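Let me begin by presenting the structure, written as structure tokens, before commenting on it.
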Amino acid sequence: MSVYAAAFVVVVPAFCFLWWKIRDGRKIPTVAGKHVFITGCDTGFGNSAAKAFDRCGFRVLAGCLTEAGAAKLSEATSSHLKTTLLDVTNSDSVDKVAGWIQNEVGDKGLWGLINNAGVPGVIAPTDWLKIQHFRKPIAVNLMGLIHVTLALLPQIKRAKGRIVNVASIGGRVAVSGGGYFASKYGVQGFTDSLRRDMKAFGVKVSIIEPGLFQTGLADPERVLREKMEIFQQLPPTVKYQYGNDFVRKDAEKKQSLNERILNKDLSLVVWCMDHALTSRHPRSRYSAGWDAKFLWIPLSYMPTFVQDYALLKNKVNLANPHAT
């Protein structure tokens, strides 16, 4: 390779990276007077984001599932933040909140929508589950997200604003059975099509893919309890196939992995939300957490046999996998 070719290989990538960093760091002039609506603000990412955006000057409209969650958030924030009760699975609730937001934002429109509300559902082997185990996470995480987006889209288009959908690395790599992963894969597809449809209207759409964070969704005691309850109701044949110690051994193995990769700093996700709302050039995708960046997302680009080997290596061997 000649000196000129070597210089080209070094200089061009360095220039592109520098240009990207400068472009990535440019912010909108001000957030004053801009309204942002966030779903799922009782706890977790939504709660942290509502407090952070209230402090930085946004007019935060916070959707909470419970009155207790709304009251607690109001106590911890300024008088500029307003809460409302929202059940994303209830059509009347979504329509009512859309009307309330219209009255709040007026002709300016809604600058930002953060679809954050989500539930994990039951996470267990697929042959343990019934159809009702899939319905709730899909109803909340996917259909609820779509419904809220459609209801608020006219107001977002009016403001040429931003839509931020909180998905998960579970939308790239399905590490277990259950409706959670199916719902997050669906969020990926909906967000991609929405982003392309909205470009012509000046609306920017981003997706956030958090790794494993210390929130209620990752509560190991809840996961173990739900899995044990389902195991006890399985037919004897299925119990025999998996073995009586499967739930305990599987929980121990997963807990050991979780302790190594668990992220405790929720602000990593809030930073992604903030950048998506305030950058002149928000990214299409954000990854939050070191496990997302260096484990799950790289794994999602690997050949299927590599993914299967990596995931199955961390599973408990079945006692009698061929029993009938």
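Chain labels A, B, ... are given in the sequence in which chains occur in the structure tokens; within each chain residues are numbered consecutively from 1, and ligands are likewise numbered from 1 in the order shown.
The protein and nucleic acid residues lying at most 9 Å from A:Ala182 are Phe134, Pro137, Ile138, Leu142, Gly170, Gly171, Ala174, Gly177, Gly178, Gly186 and Val187 of chain A, with only C-alpha atoms considered and sequence neighbours fewer than 4 positions away removed.
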Backbone-only DSSP, strand (DSSP E or B) members of stretch 204-272 of chain A, as a VMD selection string: chain A and resid 204 to 210 213 263
The selected residues should be written to file as a PDB file, in the first residue's frame (atoms: N, CA and C atoms).
ATOM      1  N   LYS A 204     -39.107  13.641  13.265  1.00  0.00           N
ATOM      2  CA  LYS A 204     -37.983  12.725  13.433  1.00  0.00           C
ATOM      3  C   LYS A 204     -38.355  11.636  14.433  1.00  0.00           C
ATOM      4  N   VAL A 205     -38.060  10.402  14.057  1.00  0.00           N
ATOM      5  CA  VAL A 205     -38.460   9.240  14.858  1.00  0.00           C
ATOM      6  C   VAL A 205     -37.225   8.444  15.254  1.00  0.00           C
ATOM      7  N   SER A 206     -37.118   8.151  16.549  1.00  0.00           N
ATOM      8  CA  SER A 206     -35.965   7.410  17.064  1.00  0.00           C
ATOM      9  C   SER A 206     -36.430   6.218  17.885  1.00  0.00           C
ATOM     10  N   ILE A 207     -35.553   5.253  18.007  1.00  0.00           N
ATOM     11  CA  ILE A 207     -35.827   4.084  18.848  1.00  0.00           C
ATOM     12  C   ILE A 207     -34.670   3.914  19.828  1.00  0.00           C
ATOM     13  N   ILE A 208     -34.995   3.557  21.058  1.00  0.00           N
ATOM     14  CA  ILE A 208     -33.982   3.317  22.087  1.00  0.00           C
ATOM     15  C   ILE A 208     -34.008   1.842  22.454  1.00  0.00           C
ATOM     16  N   GLU A 209     -32.834   1.234  22.502  1.00  0.00           N
ATOM     17  CA  GLU A 209     -32.707  -0.189  22.793  1.00  0.00           C
ATOM     18  C   GLU A 209     -31.884  -0.382  24.066  1.00  0.00           C
ATOM     19  N   PRO A 210     -32.536  -0.284  25.226  1.00  0.00           N
ATOM     20  CA  PRO A 210     -31.794  -0.487  26.478  1.00  0.00           C
ATOM     21  C   PRO A 210     -31.413  -1.952  26.666  1.00  0.00           C
ATOM     22  N   PHE A 213     -31.524  -3.279  32.729  1.00  0.00           N
ATOM     23  CA  PHE A 213     -31.397  -2.240  33.743  1.00  0.00           C
ATOM     24  C   PHE A 213     -32.138  -2.644  35.010  1.00  0.00           C
ATOM     25  N   ASN A 263     -27.224  -3.033  34.453  1.00  0.00           N
ATOM     26  CA  ASN A 263     -26.928  -1.604  34.510  1.00  0.00           C
ATOM     27  C   ASN A 263     -27.795  -0.961  35.590  1.00  0.00           C
TER      28      ASN A 263
END
Which residue is closest to A:Ala52? Choose from A:Trp271, A:Leu65, A:His147, A:Leu129 and count only C-alpha atoms.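 Closest to A:Ala52 of all the choices is A:Trp271.
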Name the residues in contact with A:Val270 at a cut-off of 12 Å, using only C-alpha atoms, excluding same-chain residues fewer than 6 positions from it; report them as an mmCIF file with all heavy atoms, in the first residue's frame.
data_model
loop_
_atom_site.group_PDB
_atom_site.id
_atom_site.type_symbol
_atom_site.label_atom_id
_atom_site.label_comp_id
_atom_site.auth_asym_id
_atom_site.auth_seq_id
_atom_site.Cartn_x
_atom_site.Cartn_y
_atom_site.Cartn_z
ATOM 1 N N ILE A 38 -44.857 11.882 27.988
ATOM 2 C CA ILE A 38 -44.151 10.638 28.298
ATOM 3 C C ILE A 38 -45.137 9.645 28.890
ATOM 4 O O ILE A 38 -45.878 9.982 29.817
ATOM 5 C CB ILE A 38 -43.009 10.882 29.310
ATOM 6 C CG1 ILE A 38 -42.132 12.047 28.872
ATOM 7 C CG2 ILE A 38 -42.176 9.618 29.494
ATOM 8 C CD1 ILE A 38 -41.132 12.491 29.939
ATOM 9 N N GLY A 44 -39.393 3.818 37.037
ATOM 10 C CA GLY A 44 -38.428 3.465 35.997
ATOM 11 C C GLY A 44 -37.983 4.603 35.101
ATOM 12 O O GLY A 44 -37.856 5.759 35.525
ATOM 13 N N PHE A 45 -37.738 4.279 33.833
ATOM 14 C CA PHE A 45 -37.207 5.246 32.875
ATOM 15 C C PHE A 45 -38.128 6.454 32.728
ATOM 16 O O PHE A 45 -37.667 7.599 32.677
ATOM 17 C CB PHE A 45 -37.024 4.605 31.497
ATOM 18 C CG PHE A 45 -36.090 3.430 31.473
ATOM 19 C CD1 PHE A 45 -36.391 2.303 30.718
ATOM 20 C CD2 PHE A 45 -34.904 3.446 32.178
ATOM 21 C CE1 PHE A 45 -35.540 1.215 30.679
ATOM 22 C CE2 PHE A 45 -34.033 2.356 32.155
ATOM 23 C CZ PHE A 45 -34.358 1.232 31.397
ATOM 24 N N GLY A 46 -39.427 6.216 32.638
ATOM 25 C CA GLY A 46 -40.367 7.304 32.435
ATOM 26 C C GLY A 46 -40.372 8.278 33.597
ATOM 27 O O GLY A 46 -40.405 9.500 33.401
ATOM 28 N N ASN A 47 -40.326 7.773 34.809
ATOM 29 C CA ASN A 47 -40.295 8.602 35.997
ATOM 30 C C ASN A 47 -39.027 9.451 36.034
ATOM 31 O O ASN A 47 -39.071 10.659 36.291
ATOM 32 C CB ASN A 47 -40.392 7.713 37.238
ATOM 33 C CG ASN A 47 -40.530 8.499 38.522
ATOM 34 O OD1 ASN A 47 -39.546 8.875 39.138
ATOM 35 N ND2 ASN A 47 -41.769 8.742 38.927
ATOM 36 N N SER A 48 -37.885 8.820 35.759
ATOM 37 C CA SER A 48 -36.605 9.536 35.751
ATOM 38 C C SER A 48 -36.582 10.599 34.662
ATOM 39 O O SER A 48 -36.086 11.716 34.872
ATOM 40 C CB SER A 48 -35.452 8.552 35.553
ATOM 41 O OG SER A 48 -35.352 7.647 36.629
ATOM 42 N N ALA A 49 -37.116 10.266 33.477
ATOM 43 C CA ALA A 49 -37.123 11.217 32.369
ATOM 44 C C ALA A 49 -38.016 12.406 32.668
ATOM 45 O O ALA A 49 -37.654 13.555 32.372
ATOM 46 C CB ALA A 49 -37.586 10.516 31.091
ATOM 47 N N ALA A 50 -39.193 12.156 33.247
ATOM 48 C CA ALA A 50 -40.115 13.254 33.565
ATOM 49 C C ALA A 50 -39.457 14.254 34.509
ATOM 50 O O ALA A 50 -39.558 15.475 34.321
ATOM 51 C CB ALA A 50 -41.392 12.696 34.180
ATOM 52 N N LYS A 51 -38.758 13.756 35.519
ATOM 53 C CA LYS A 51 -38.074 14.643 36.465
ATOM 54 C C LYS A 51 -36.932 15.409 35.784
ATOM 55 O O LYS A 51 -36.766 16.615 35.999
ATOM 56 C CB LYS A 51 -37.529 13.818 37.631
ATOM 57 C CG LYS A 51 -38.603 13.193 38.503
ATOM 58 C CD LYS A 51 -37.996 12.272 39.555
ATOM 59 C CE LYS A 51 -39.068 11.621 40.420
ATOM 60 N NZ LYS A 51 -38.501 10.639 41.371
ATOM 61 N N ALA A 52 -36.162 14.716 34.964
ATOM 62 C CA ALA A 52 -35.020 15.352 34.302
ATOM 63 C C ALA A 52 -35.476 16.425 33.315
ATOM 64 O O ALA A 52 -34.917 17.533 33.269
ATOM 65 C CB ALA A 52 -34.177 14.297 33.580
ATOM 66 N N PHE A 53 -36.494 16.141 32.529
ATOM 67 C CA PHE A 53 -36.954 17.108 31.531
ATOM 68 C C PHE A 53 -37.682 18.278 32.181
ATOM 69 O O PHE A 53 -37.676 19.389 31.651
ATOM 70 C CB PHE A 53 -37.854 16.414 30.506
ATOM 71 C CG PHE A 53 -37.140 15.381 29.681
ATOM 72 C CD1 PHE A 53 -37.818 14.309 29.130
ATOM 73 C CD2 PHE A 53 -35.778 15.468 29.457
ATOM 74 C CE1 PHE A 53 -37.165 13.351 28.370
ATOM 75 C CE2 PHE A 53 -35.106 14.526 28.710
ATOM 76 C CZ PHE A 53 -35.799 13.463 28.159
ATOM 77 N N ILE A 114 -42.665 10.413 23.995
ATOM 78 C CA ILE A 114 -41.803 9.300 24.406
ATOM 79 C C ILE A 114 -42.696 8.142 24.806
ATOM 80 O O ILE A 114 -43.356 8.173 25.852
ATOM 81 C CB ILE A 114 -40.877 9.686 25.568
ATOM 82 C CG1 ILE A 114 -39.969 10.848 25.162
ATOM 83 C CG2 ILE A 114 -40.035 8.494 25.996
ATOM 84 C CD1 ILE A 114 -39.026 11.317 26.260
ATOM 85 N N ASN A 116 -42.878 5.081 26.429
ATOM 86 C CA ASN A 116 -42.034 4.358 27.373
ATOM 87 C C ASN A 116 -42.774 3.252 28.116
ATOM 88 O O ASN A 116 -42.152 2.309 28.605
ATOM 89 C CB ASN A 116 -41.452 5.360 28.379
ATOM 90 C CG ASN A 116 -40.848 4.685 29.592
ATOM 91 O OD1 ASN A 116 -39.751 4.137 29.533
ATOM 92 N ND2 ASN A 116 -41.571 4.709 30.708
ATOM 93 N N VAL A 164 -40.110 9.200 20.168
ATOM 94 C CA VAL A 164 -39.065 8.330 20.709
ATOM 95 C C VAL A 164 -39.736 7.080 21.262
ATOM 96 O O VAL A 164 -40.515 7.156 22.216
ATOM 97 C CB VAL A 164 -38.267 9.033 21.828
ATOM 98 C CG1 VAL A 164 -37.123 8.140 22.300
ATOM 99 C CG2 VAL A 164 -37.742 10.386 21.354
ATOM 100 N N VAL A 166 -39.330 3.506 23.110
ATOM 101 C CA VAL A 166 -38.415 2.704 23.933
ATOM 102 C C VAL A 166 -38.688 1.238 23.645
ATOM 103 O O VAL A 166 -39.725 0.703 24.010
ATOM 104 C CB VAL A 166 -38.595 3.011 25.425
ATOM 105 C CG1 VAL A 166 -37.619 2.166 26.251
ATOM 106 C CG2 VAL A 166 -38.376 4.498 25.700
ATOM 107 N N ILE A 208 -34.995 3.557 21.058
ATOM 108 C CA ILE A 208 -33.982 3.317 22.087
ATOM 109 C C ILE A 208 -34.008 1.842 22.454
ATOM 110 O O ILE A 208 -35.078 1.267 22.681
ATOM 111 C CB ILE A 208 -34.236 4.176 23.339
ATOM 112 C CG1 ILE A 208 -34.210 5.665 22.971
ATOM 113 C CG2 ILE A 208 -33.183 3.891 24.413
ATOM 114 C CD1 ILE A 208 -34.531 6.588 24.133
ATOM 115 N N GLU A 209 -32.834 1.234 22.502
ATOM 116 C CA GLU A 209 -32.707 -0.189 22.793
ATOM 117 C C GLU A 209 -31.884 -0.382 24.066
ATOM 118 O O GLU A 209 -30.677 -0.611 24.005
ATOM 119 C CB GLU A 209 -32.041 -0.901 21.614
ATOM 120 C CG GLU A 209 -32.815 -0.737 20.311
ATOM 121 C CD GLU A 209 -32.025 -1.186 19.096
ATOM 122 O OE1 GLU A 209 -30.852 -0.772 18.947
ATOM 123 O OE2 GLU A 209 -32.567 -1.963 18.293
ATOM 124 N N PRO A 210 -32.536 -0.284 25.226
ATOM 125 C CA PRO A 210 -31.794 -0.487 26.478
ATOM 126 C C PRO A 210 -31.413 -1.952 26.666
ATOM 127 O O PRO A 210 -32.117 -2.866 26.218
ATOM 128 C CB PRO A 210 -32.786 -0.047 27.563
ATOM 129 C CG PRO A 210 -33.880 0.681 26.840
ATOM 130 C CD PRO A 210 -33.926 0.069 25.472
ATOM 131 N N ALA A 276 -32.453 12.589 21.652
ATOM 132 C CA ALA A 276 -33.449 12.421 20.600
ATOM 133 C C ALA A 276 -34.403 13.613 20.528
ATOM 134 O O ALA A 276 -34.923 13.937 19.454
ATOM 135 C CB ALA A 276 -34.244 11.134 20.818
ATOM 136 N N LEU A 277 -34.628 14.276 21.657
ATOM 137 C CA LEU A 277 -35.542 15.427 21.703
ATOM 138 C C LEU A 277 -34.859 16.748 21.399
ATOM 139 O O LEU A 277 -35.501 17.676 20.890
ATOM 140 C CB LEU A 277 -36.201 15.527 23.083
ATOM 141 C CG LEU A 277 -37.180 14.435 23.488
ATOM 142 C CD1 LEU A 277 -37.667 14.680 24.905
ATOM 143 C CD2 LEU A 277 -38.365 14.371 22.535
ATOM 144 N N TYR A 286 -30.644 4.336 19.304
ATOM 145 C CA TYR A 286 -29.778 4.548 20.459
ATOM 146 C C TYR A 286 -29.678 3.238 21.230
ATOM 147 O O TYR A 286 -30.685 2.554 21.446
ATOM 148 C CB TYR A 286 -30.367 5.611 21.400
ATOM 149 C CG TYR A 286 -30.445 7.004 20.837
ATOM 150 C CD1 TYR A 286 -31.542 7.393 20.068
ATOM 151 C CD2 TYR A 286 -29.447 7.942 21.081
ATOM 152 C CE1 TYR A 286 -31.636 8.682 19.557
ATOM 153 C CE2 TYR A 286 -29.531 9.229 20.579
ATOM 154 C CZ TYR A 286 -30.629 9.594 19.815
ATOM 155 O OH TYR A 286 -30.716 10.868 19.313
ATOM 156 N N SER A 287 -28.477 2.903 21.664
ATOM 157 C CA SER A 287 -28.301 1.752 22.550
ATOM 158 C C SER A 287 -27.880 2.279 23.912
ATOM 159 O O SER A 287 -27.072 3.203 24.006
ATOM 160 C CB SER A 287 -27.254 0.779 22.002
ATOM 161 O OG SER A 287 -26.010 1.442 21.822
ATOM 162 N N ALA A 288 -28.438 1.715 24.973
ATOM 163 C CA ALA A 288 -28.147 2.181 26.329
ATOM 164 C C ALA A 288 -27.719 1.006 27.187
ATOM 165 O O ALA A 288 -28.406 -0.017 27.244
ATOM 166 C CB ALA A 288 -29.387 2.847 26.929
ATOM 167 N N GLY A 289 -26.591 1.168 27.862
ATOM 168 C CA GLY A 289 -26.050 0.093 28.693
ATOM 169 C C GLY A 289 -24.912 -0.612 27.978
ATOM 170 O O GLY A 289 -24.991 -0.869 26.771
#
Leaving out stretch 224-237 of chain A and any residue of its chain fewer than 4 positions from it, which residues lie within 8 Å of it when counting only C-alpha atoms, given as a PyMOL selection string? chain A and resi 122-124+128-129+220+241+247+251+323-324
Rounded to one decimal, what separation in Å do you get between atom CA of A:Gly121 and atom CA of A:Val173? 16.6 Å
Name all residues at most 9 Å from stretch 86-95 of chain A (count only C-alpha atoms; drop same-chain ones fewer than 4 positions away) and give them as a PyMOL selection string. chain A and resi 39-40+63-66+99-100+117+136+139-141+143-145+147-148+151
Dump N, CA, C and O atoms for the selected residues as a CSV table (one decimal), in the first residue's frame?
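Output file selection-v1.csv is given in full below:
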chain,number,residue,atom,x,y,z
A,39,THR,N,-45.2,8.4,28.4
A,39,THR,CA,-46.0,7.4,29.0
A,39,THR,C,-45.2,6.6,30.0
A,39,THR,O,-44.0,6.5,29.9
A,40,GLY,N,-45.9,5.9,30.9
A,40,GLY,CA,-45.3,5.1,31.9
A,40,GLY,C,-44.4,5.8,32.9
A,40,GLY,O,-43.3,5.4,33.1
A,63,GLY,N,-47.9,10.8,31.6
A,63,GLY,CA,-48.9,9.8,31.7
A,63,GLY,C,-48.6,8.7,32.7
A,63,GLY,O,-47.5,8.1,32.6
A,64,CYS,N,-49.4,8.6,33.7
A,64,CYS,CA,-49.2,7.6,34.8
A,64,CYS,C,-50.4,6.6,34.8
A,64,CYS,O,-51.5,6.9,34.5
A,65,LEU,N,-50.1,5.4,35.2
A,65,LEU,CA,-51.1,4.3,35.2
A,65,LEU,C,-52.0,4.4,36.5
A,65,LEU,O,-53.2,4.1,36.5
A,66,THR,N,-51.3,4.9,37.6
A,66,THR,CA,-52.0,4.9,38.9
A,66,THR,C,-52.1,6.4,39.4
A,66,THR,O,-51.2,7.2,39.2
A,99,GLY,N,-57.2,14.3,23.8
A,99,GLY,CA,-57.9,15.5,23.8
A,99,GLY,C,-57.3,16.5,24.9
A,99,GLY,O,-57.3,17.7,24.6
A,100,TRP,N,-56.9,15.9,26.0
A,100,TRP,CA,-56.3,16.7,27.1
A,100,TRP,C,-55.0,17.4,26.6
A,100,TRP,O,-54.8,18.6,26.8
A,117,ALA,N,-44.1,3.3,28.2
A,117,ALA,CA,-44.9,2.4,29.0
A,117,ALA,C,-44.6,1.0,28.5
A,117,ALA,O,-44.6,0.7,27.3
A,136,LYS,N,-51.1,-9.6,27.2
A,136,LYS,CA,-50.8,-8.4,27.9
A,136,LYS,C,-49.6,-7.7,27.4
A,136,LYS,O,-49.6,-6.4,27.1
A,139,ALA,N,-50.3,-6.2,24.1
A,139,ALA,CA,-51.3,-5.1,24.2
A,139,ALA,C,-50.7,-3.8,24.7
A,139,ALA,O,-51.0,-2.7,24.2
A,140,VAL,N,-49.8,-3.9,25.7
A,140,VAL,CA,-49.2,-2.7,26.3
A,140,VAL,C,-48.0,-2.3,25.4
A,140,VAL,O,-48.0,-1.1,25.0
A,141,ASN,N,-47.0,-3.1,25.2
A,141,ASN,CA,-45.8,-2.7,24.6
A,141,ASN,C,-45.9,-2.4,23.1
A,141,ASN,O,-45.1,-1.6,22.6
A,143,MET,N,-49.3,-2.7,20.9
A,143,MET,CA,-50.6,-2.1,20.4
A,143,MET,C,-50.8,-0.8,21.2
A,143,MET,O,-51.3,0.2,20.6
A,144,GLY,N,-50.5,-0.7,22.5
A,144,GLY,CA,-50.6,0.5,23.2
A,144,GLY,C,-49.7,1.6,22.6
A,144,GLY,O,-50.2,2.8,22.5
A,145,LEU,N,-48.5,1.3,22.3
A,145,LEU,CA,-47.6,2.2,21.7
A,145,LEU,C,-48.1,2.8,20.4
A,145,LEU,O,-48.0,4.0,20.1
A,147,HIS,N,-51.2,2.8,19.4
A,147,HIS,CA,-52.5,3.6,19.5
A,147,HIS,C,-52.1,5.0,20.0
A,147,HIS,O,-52.7,6.0,19.5
A,148,VAL,N,-51.3,5.1,21.0
A,148,VAL,CA,-50.9,6.5,21.5
A,148,VAL,C,-50.2,7.3,20.4
A,148,VAL,O,-50.5,8.5,20.2
A,151,ALA,N,-52.9,8.5,17.9
A,151,ALA,CA,-53.7,9.5,18.5
A,151,ALA,C,-53.1,10.9,18.5
A,151,ALA,O,-53.8,11.9,18.4
